[in-house]
file query08.cif (mmCIF, C-alpha atoms and all ligand atoms)
data_query
loop_
_atom_site.label_atom_id
_atom_site.label_comp_id
_atom_site.auth_asym_id
_atom_site.auth_seq_id
_atom_site.Cartn_x
_atom_site.Cartn_y
_atom_site.Cartn_z
CA MET A 1 22.22 31.66 -34.31
CA PHE A 2 22.44 33.78 -37.45
CA THR A 3 20.53 32.20 -40.30
CA LEU A 4 20.43 33.84 -43.69
CA THR A 5 17.11 33.81 -45.44
CA GLN A 6 16.31 34.38 -49.07
CA PHE A 7 16.14 38.06 -50.05
CA PRO A 8 12.96 38.95 -51.92
CA LEU A 9 13.10 40.13 -55.52
CA PRO A 10 12.20 43.82 -55.92
CA TYR A 11 9.67 42.85 -58.66
CA ALA A 12 7.55 39.87 -59.70
CA THR A 13 9.31 36.91 -61.36
CA ASP A 14 7.59 37.70 -64.68
CA ALA A 15 8.19 41.47 -64.51
CA LEU A 16 11.30 41.52 -66.71
CA SER A 17 9.76 39.41 -69.47
CA PRO A 18 10.40 39.20 -72.42
CA TYR A 19 14.01 40.24 -71.71
CA ILE A 20 14.37 37.80 -68.82
CA SER A 21 11.68 35.12 -68.68
CA GLN A 22 9.77 34.05 -65.61
CA GLU A 23 11.38 30.60 -65.94
CA THR A 24 14.88 32.08 -65.84
CA MET A 25 14.00 34.27 -62.87
CA GLU A 26 12.42 31.39 -60.95
CA THR A 27 15.45 29.21 -61.62
CA HIS A 28 18.04 31.92 -61.04
CA HIS A 29 16.59 33.48 -57.90
CA GLY A 30 14.47 30.59 -56.63
CA LYS A 31 16.99 27.79 -57.17
CA HIS A 32 20.55 29.05 -57.75
CA VAL A 33 20.47 31.79 -55.13
CA ALA A 34 18.48 29.62 -52.72
CA THR A 35 21.22 26.98 -53.00
CA TYR A 36 23.98 29.51 -52.20
CA ILE A 37 22.02 30.53 -49.11
CA ASP A 38 21.47 26.93 -48.05
CA ASN A 39 25.14 26.11 -48.58
CA LEU A 40 26.34 29.12 -46.63
CA ASN A 41 24.04 28.41 -43.69
CA LYS A 42 25.45 24.87 -43.52
CA LEU A 43 29.07 26.03 -43.90
CA ILE A 44 28.91 28.62 -41.10
CA THR A 45 27.05 26.45 -38.58
CA ASP A 46 29.09 26.31 -35.35
CA THR A 47 31.70 28.77 -36.63
CA PRO A 48 32.31 32.39 -35.57
CA TYR A 49 30.67 33.44 -38.86
CA GLU A 50 27.31 32.68 -37.29
CA GLN A 51 27.68 35.88 -35.28
CA VAL A 52 28.49 38.36 -38.05
CA SER A 53 26.84 39.98 -41.05
CA LEU A 54 27.00 38.78 -44.65
CA MET A 55 29.35 41.66 -45.54
CA GLU A 56 31.69 40.69 -42.71
CA ILE A 57 31.65 37.05 -43.78
CA ILE A 58 32.65 38.11 -47.31
CA GLN A 59 35.47 40.38 -46.11
CA GLU A 60 36.83 37.96 -43.53
CA SER A 61 36.80 34.86 -45.76
CA SER A 62 38.14 36.57 -48.87
CA ASP A 63 41.87 36.11 -48.43
CA THR A 64 41.89 32.69 -46.82
CA PRO A 65 42.10 29.84 -49.35
CA GLU A 66 40.67 27.28 -46.89
CA GLN A 67 37.58 29.44 -46.65
CA ALA A 68 36.99 29.67 -50.38
CA LYS A 69 33.70 27.78 -50.16
CA ILE A 70 32.38 30.18 -47.55
CA PHE A 71 33.57 33.17 -49.58
CA ASN A 72 32.10 31.87 -52.84
CA ASN A 73 28.65 31.20 -51.40
CA ALA A 74 28.54 34.42 -49.38
CA ALA A 75 29.74 36.60 -52.26
CA GLN A 76 27.26 34.96 -54.62
CA ILE A 77 24.40 35.94 -52.30
CA TYR A 78 25.62 39.54 -52.22
CA ASN A 79 26.36 39.70 -55.97
CA HIS A 80 22.94 38.34 -56.93
CA ASN A 81 21.11 40.73 -54.62
CA PHE A 82 23.05 43.59 -56.19
CA PHE A 83 22.42 42.32 -59.73
CA PHE A 84 18.67 41.87 -59.23
CA HIS A 85 18.29 45.30 -57.62
CA GLY A 86 20.14 46.82 -60.55
CA MET A 87 17.23 45.97 -62.85
CA CYS A 88 13.59 46.99 -63.02
CA PRO A 89 10.59 46.77 -65.32
CA ASP A 90 9.73 49.99 -67.18
CA CYS A 91 12.76 51.83 -65.81
CA THR A 92 13.52 55.44 -66.57
CA LYS A 93 16.17 55.95 -69.24
CA ASN A 94 17.89 58.71 -67.28
CA ILE A 95 21.52 57.70 -67.47
CA PRO A 96 23.36 59.66 -64.76
CA ARG A 97 25.40 62.62 -65.96
CA GLU A 98 28.58 61.31 -64.33
CA ILE A 99 28.47 58.21 -66.55
CA ILE A 100 27.96 60.27 -69.68
CA ASP A 101 30.80 62.62 -68.68
CA THR A 102 33.15 59.75 -67.85
CA PHE A 103 32.56 57.62 -70.93
CA GLY A 104 31.72 60.36 -73.44
CA SER A 105 28.08 59.41 -74.09
CA ALA A 106 25.45 56.89 -73.08
CA GLU A 107 26.24 54.93 -76.25
CA LYS A 108 29.95 54.84 -75.50
CA PHE A 109 29.26 53.63 -71.97
CA LYS A 110 27.06 50.84 -73.35
CA GLU A 111 29.70 49.89 -75.94
CA ALA A 112 32.41 49.69 -73.28
CA PHE A 113 30.21 47.69 -70.91
CA LYS A 114 29.12 45.33 -73.70
CA SER A 115 32.67 44.84 -74.88
CA ALA A 116 33.77 43.87 -71.36
CA ALA A 117 30.79 41.59 -70.70
CA THR A 118 31.15 39.85 -74.08
CA SER A 119 34.82 39.16 -73.51
CA LEU A 120 34.53 37.72 -70.00
CA PHE A 121 35.71 34.14 -70.45
CA GLY A 122 33.79 31.61 -68.40
CA SER A 123 31.66 32.58 -65.40
CA GLY A 124 31.65 35.92 -63.66
CA TYR A 125 30.27 39.43 -63.52
CA THR A 126 30.89 42.67 -65.35
CA TRP A 127 30.89 45.55 -62.87
CA LEU A 128 30.75 49.30 -63.01
CA VAL A 129 32.72 50.36 -59.94
CA ARG A 130 34.11 53.42 -58.29
CA ASP A 131 37.82 52.76 -57.75
CA GLY A 132 39.28 55.67 -55.85
CA ASP A 133 38.17 58.71 -57.85
CA GLU A 134 37.65 56.75 -61.03
CA LEU A 135 34.58 55.11 -62.54
CA ARG A 136 35.66 51.89 -64.23
CA ILE A 137 34.14 48.87 -65.97
CA ILE A 138 35.83 45.66 -64.89
CA ASN A 139 35.28 41.93 -65.21
CA MET A 140 35.55 39.68 -62.19
CA PRO A 141 35.61 35.88 -62.41
CA ASN A 142 33.25 33.53 -60.59
CA ALA A 143 32.02 35.03 -57.29
CA ASP A 144 34.66 37.75 -56.96
CA THR A 145 33.21 41.03 -55.73
CA PRO A 146 34.44 44.66 -55.69
CA MET A 147 34.25 45.26 -51.93
CA VAL A 148 37.18 42.93 -51.23
CA HIS A 149 39.30 45.01 -53.62
CA ASN A 150 38.34 48.29 -51.98
CA MET A 151 36.07 49.25 -54.85
CA LYS A 152 32.50 50.44 -54.58
CA PRO A 153 29.98 48.59 -56.75
CA ILE A 154 27.67 50.75 -58.85
CA LEU A 155 26.08 48.24 -61.28
CA THR A 156 26.62 44.62 -62.22
CA LEU A 157 25.63 42.12 -64.87
CA ASP A 158 25.71 38.40 -64.07
CA VAL A 159 27.12 36.67 -67.14
CA TRP A 160 27.19 33.16 -65.70
CA GLU A 161 25.42 30.98 -68.29
CA HIS A 162 22.55 30.28 -65.85
CA SER A 163 21.75 33.99 -66.11
CA TYR A 164 20.73 33.87 -69.78
CA TYR A 165 20.96 30.40 -71.28
CA LEU A 166 17.25 29.50 -71.11
CA ASP A 167 16.32 32.72 -72.92
CA TYR A 168 19.28 33.47 -75.19
CA LYS A 169 21.11 30.11 -75.50
CA ASN A 170 24.67 30.91 -76.63
CA LYS A 171 23.86 34.52 -77.60
CA ARG A 172 25.32 36.33 -74.62
CA ALA A 173 25.70 39.55 -76.63
CA ASP A 174 21.92 39.73 -77.15
CA PHE A 175 21.36 39.32 -73.40
CA ILE A 176 23.84 42.14 -72.73
CA ASP A 177 21.96 44.39 -75.18
CA SER A 178 18.64 43.62 -73.45
CA PHE A 179 20.18 44.42 -70.09
CA LEU A 180 21.66 47.75 -71.20
CA ASP A 181 18.73 48.90 -73.34
CA HIS A 182 15.76 47.70 -71.29
CA LEU A 183 16.61 46.48 -67.80
CA VAL A 184 19.13 48.72 -66.03
CA ASN A 185 17.66 50.50 -63.02
CA TRP A 186 19.33 53.90 -63.55
CA ASP A 187 17.81 55.24 -60.33
CA PHE A 188 19.66 52.50 -58.43
CA VAL A 189 22.84 53.43 -60.32
CA ALA A 190 22.37 57.13 -59.52
CA GLU A 191 21.80 56.33 -55.86
CA ASN A 192 25.02 54.27 -55.71
CA LEU A 193 26.94 57.08 -57.41
CA ARG A 194 25.69 59.58 -54.82
CA GLN A 195 26.61 57.52 -51.75
MN MN B 1 23.69 34.05 -61.21
#
call {"tool": "encode", "arguments": {"input": "query08.cif", "output": "structure tokens"}}
result
Amino acid sequence: MFTLTQFPLPYATDALSPYISQETMETHHGKHVATYIDNLNKLITDTPYEQVSLMEIIQESSDTPEQAKIFNNAAQIYNHNFFFHGMCPDCTKNIPREIIDTFGSAEKFKEAFKSAATSLFGSGYTWLVRDGDELRIINMPNADTPMVHNMKPILTLDVWEHSYYLDYKNKRADFIDSFLDHLVNWDFVAENLRQ
């Protein structure tokens, strides 16, 4: 039987403080993500999904409304892993050239990303994706994820309230600034752009 286990964080739970507190990280990774994993393991027990990978579960459940619970939990596991790996403590500030060329400057990229993330109504993620030949910033609601729309994820920010509420309360814009100015793992971004 295929049982999903919690993925480890690529840094300590207090490593992103003061921009993301240890309490937020312990709740977000240790409780929210752990619950998605628990839920998915229960949902796929005794189904053909026990035999396939997380990516296959996401793809195969994505266009079947009866399987929305499976899709939501599976995609949330993937999205969170991607989000957490997209950050690091003491990251380099080397914004990849392709981003600067596409958006005009590092500042213009940040403005466009912030504008999207601020305007996302309700729960979801702001993504930088490669869509065909184009680099685009898009918002996706809830657990939606680029791979099921044939887009390649490059970077994401989780703007569900559980992602920032303990540290920033209602000030999502301040959280977005912290993410863009202090937390983005540009090496991870560059690696995704190269692949
Ligand atoms: Mn989250």
call {"tool": "residues_around", "arguments": {"input": "query08.cif", "residues": "Pro141 in chain A", "least_positions_apart": "2", "cutoff": "10 Å", "atoms": "all atoms listed in the file", "output": "list in words"}}
result
Leu120, Phe121, Gly122, Ser123, Gly124, Tyr125, Thr126, Asn139, Ala143, Asp144, Thr145, Val159 and Trp160 of chain A
call {"tool": "write_last_selection", "arguments": {"input": "query08.cif", "atoms": "C-alpha atoms", "output": "PDB file, keeping the file's coordinate frame"}}
result
ATOM      1  CA  LEU A 120      34.530  37.720 -70.000  1.00  0.00           C
ATOM      2  CA  PHE A 121      35.710  34.140 -70.450  1.00  0.00           C
ATOM      3  CA  GLY A 122      33.790  31.610 -68.400  1.00  0.00           C
ATOM      4  CA  SER A 123      31.660  32.580 -65.400  1.00  0.00           C
ATOM      5  CA  GLY A 124      31.650  35.920 -63.660  1.00  0.00           C
ATOM      6  CA  TYR A 125      30.270  39.430 -63.520  1.00  0.00           C
ATOM      7  CA  THR A 126      30.890  42.670 -65.350  1.00  0.00           C
ATOM      8  CA  ASN A 139      35.280  41.930 -65.210  1.00  0.00           C
ATOM      9  CA  ALA A 143      32.020  35.030 -57.290  1.00  0.00           C
ATOM     10  CA  ASP A 144      34.660  37.750 -56.960  1.00  0.00           C
ATOM     11  CA  THR A 145      33.210  41.030 -55.730  1.00  0.00           C
ATOM     12  CA  VAL A 159      27.120  36.670 -67.140  1.00  0.00           C
ATOM     13  CA  TRP A 160      27.190  33.160 -65.700  1.00  0.00           C
TER      14      TRP A 160
END
call {"tool": "atom_distance", "arguments": {"input": "query08.cif", "atom1": "CA of Pro153 in chain A", "atom2": "CA of Tyr78 in chain A"}}
result
11.0 Å
call {"tool": "atom_distance", "arguments": {"input": "query08.cif", "atom1": "CA of Phe109 in chain A", "atom2": "CA of Asp90 in chain A"}}
result
20.4 Å
call {"tool": "closest_atom_pairs", "arguments": {"input": "query08.cif", "of": "chain A", "to": "ligand MN 1 (chain B)", "cutoff": "7 Å", "atoms": "all atoms listed in the file", "output": "JSON lines"}}
result
{"residue": "A:His28", "atom": "CA", "partner": "B:MN1", "partner_atom": "MN", "distance": 6.0}
{"residue": "A:His32", "atom": "CA", "partner": "B:MN1", "partner_atom": "MN", "distance": 6.8}
{"residue": "A:His80", "atom": "CA", "partner": "B:MN1", "partner_atom": "MN", "distance": 6.1}
{"residue": "A:Asp158", "atom": "CA", "partner": "B:MN1", "partner_atom": "MN", "distance": 5.6}
{"residue": "A:Trp160", "atom": "CA", "partner": "B:MN1", "partner_atom": "MN", "distance": 5.8}
{"residue": "A:His162", "atom": "CA", "partner": "B:MN1", "partner_atom": "MN", "distance": 6.1}
{"residue": "A:Ser163", "atom": "CA", "partner": "B:MN1", "partner_atom": "MN", "distance": 5.3}
call {"tool": "closest_residue", "arguments": {"input": "query08.cif", "among": "A:Trp186, A:Phe84, A:Tyr49, A:Phe71", "to": "Thr13 in chain A", "atoms": "only C-alpha atoms"}}
result
A:Phe84
call {"tool": "residues_near_point", "arguments": {"input": "query08.cif", "point": "(18.2, 59.1, -61.5)", "cutoff": "12 Å", "atoms": "all atoms listed in the file", "output": "PDB file with C-alpha atoms, in the coordinates of the input"}}
result
ATOM      1  CA  CYS A  91      12.760  51.830 -65.810  1.00  0.00           C
ATOM      2  CA  THR A  92      13.520  55.440 -66.570  1.00  0.00           C
ATOM      3  CA  LYS A  93      16.170  55.950 -69.240  1.00  0.00           C
ATOM      4  CA  ASN A  94      17.890  58.710 -67.280  1.00  0.00           C
ATOM      5  CA  ILE A  95      21.520  57.700 -67.470  1.00  0.00           C
ATOM      6  CA  PRO A  96      23.360  59.660 -64.760  1.00  0.00           C
ATOM      7  CA  ARG A  97      25.400  62.620 -65.960  1.00  0.00           C
ATOM      8  CA  GLU A  98      28.580  61.310 -64.330  1.00  0.00           C
ATOM      9  CA  ILE A  99      28.470  58.210 -66.550  1.00  0.00           C
ATOM     10  CA  VAL A 184      19.130  48.720 -66.030  1.00  0.00           C
ATOM     11  CA  ASN A 185      17.660  50.500 -63.020  1.00  0.00           C
ATOM     12  CA  TRP A 186      19.330  53.900 -63.550  1.00  0.00           C
ATOM     13  CA  ASP A 187      17.810  55.240 -60.330  1.00  0.00           C
ATOM     14  CA  PHE A 188      19.660  52.500 -58.430  1.00  0.00           C
ATOM     15  CA  VAL A 189      22.840  53.430 -60.320  1.00  0.00           C
ATOM     16  CA  ALA A 190      22.370  57.130 -59.520  1.00  0.00           C
ATOM     17  CA  GLU A 191      21.800  56.330 -55.860  1.00  0.00           C
ATOM     18  CA  ASN A 192      25.020  54.270 -55.710  1.00  0.00           C
ATOM     19  CA  LEU A 193      26.940  57.080 -57.410  1.00  0.00           C
ATOM     20  CA  ARG A 194      25.690  59.580 -54.820  1.00  0.00           C
TER      21      ARG A 194
END
call {"tool": "residues_around", "arguments": {"input": "query08.cif", "residues": "Asn39 in chain A", "least_positions_apart": "6", "cutoff": "12 Å", "atoms": "only C-alpha atoms", "output": "short mmCIF file (atom, residue, chain, number, x, y, z; two decimals) with C-alpha atoms, in the frame of the given file"}}
result
data_model
loop_
_atom_site.label_atom_id
_atom_site.label_comp_id
_atom_site.auth_asym_id
_atom_site.auth_seq_id
_atom_site.Cartn_x
_atom_site.Cartn_y
_atom_site.Cartn_z
CA THR A 3 20.53 32.20 -40.30
CA LEU A 4 20.43 33.84 -43.69
CA THR A 5 17.11 33.81 -45.44
CA LYS A 31 16.99 27.79 -57.17
CA HIS A 32 20.55 29.05 -57.75
CA VAL A 33 20.47 31.79 -55.13
CA THR A 45 27.05 26.45 -38.58
CA LYS A 69 33.70 27.78 -50.16
CA ILE A 70 32.38 30.18 -47.55
CA PHE A 71 33.57 33.17 -49.58
CA ASN A 72 32.10 31.87 -52.84
CA ASN A 73 28.65 31.20 -51.40
CA ALA A 74 28.54 34.42 -49.38
CA GLN A 76 27.26 34.96 -54.62
CA ILE A 77 24.40 35.94 -52.30
#
call {"tool": "residues_around", "arguments": {"input": "query08.cif", "residues": "His149 in chain A", "least_positions_apart": "6", "cutoff": "10 Å", "atoms": "only C-alpha atoms", "output": "number ranges by chain"}}
result
A: 59, 62, 131
call {"tool": "residues_near_point", "arguments": {"input": "query08.cif", "point": "(29.2, 49.9, -75.0)", "cutoff": "12 Å", "atoms": "only C-alpha atoms", "output": "ChimeraX atom specification"}}
result
/A:99-100,103-118,137,173,176-177,179-181
call {"tool": "closest_residue", "arguments": {"input": "query08.cif", "among": "A:Asp63, A:Ser178, A:Lys152, A:Ile44", "to": "Tyr164 in chain A", "atoms": "all atoms listed in the file"}}
result
A:Ser178
call {"tool": "atom_distance", "arguments": {"input": "query08.cif", "atom1": "CA of Ile154 in chain A", "atom2": "CA of Pro89 in chain A"}}
result
18.7 Å
call {"tool": "closest_residue", "arguments": {"input": "query08.cif", "among": "A:Thr64, A:Gln51, A:Thr102, A:Asn150", "to": "Leu135 in chain A", "atoms": "all atoms listed in the file"}}
result
A:Thr102
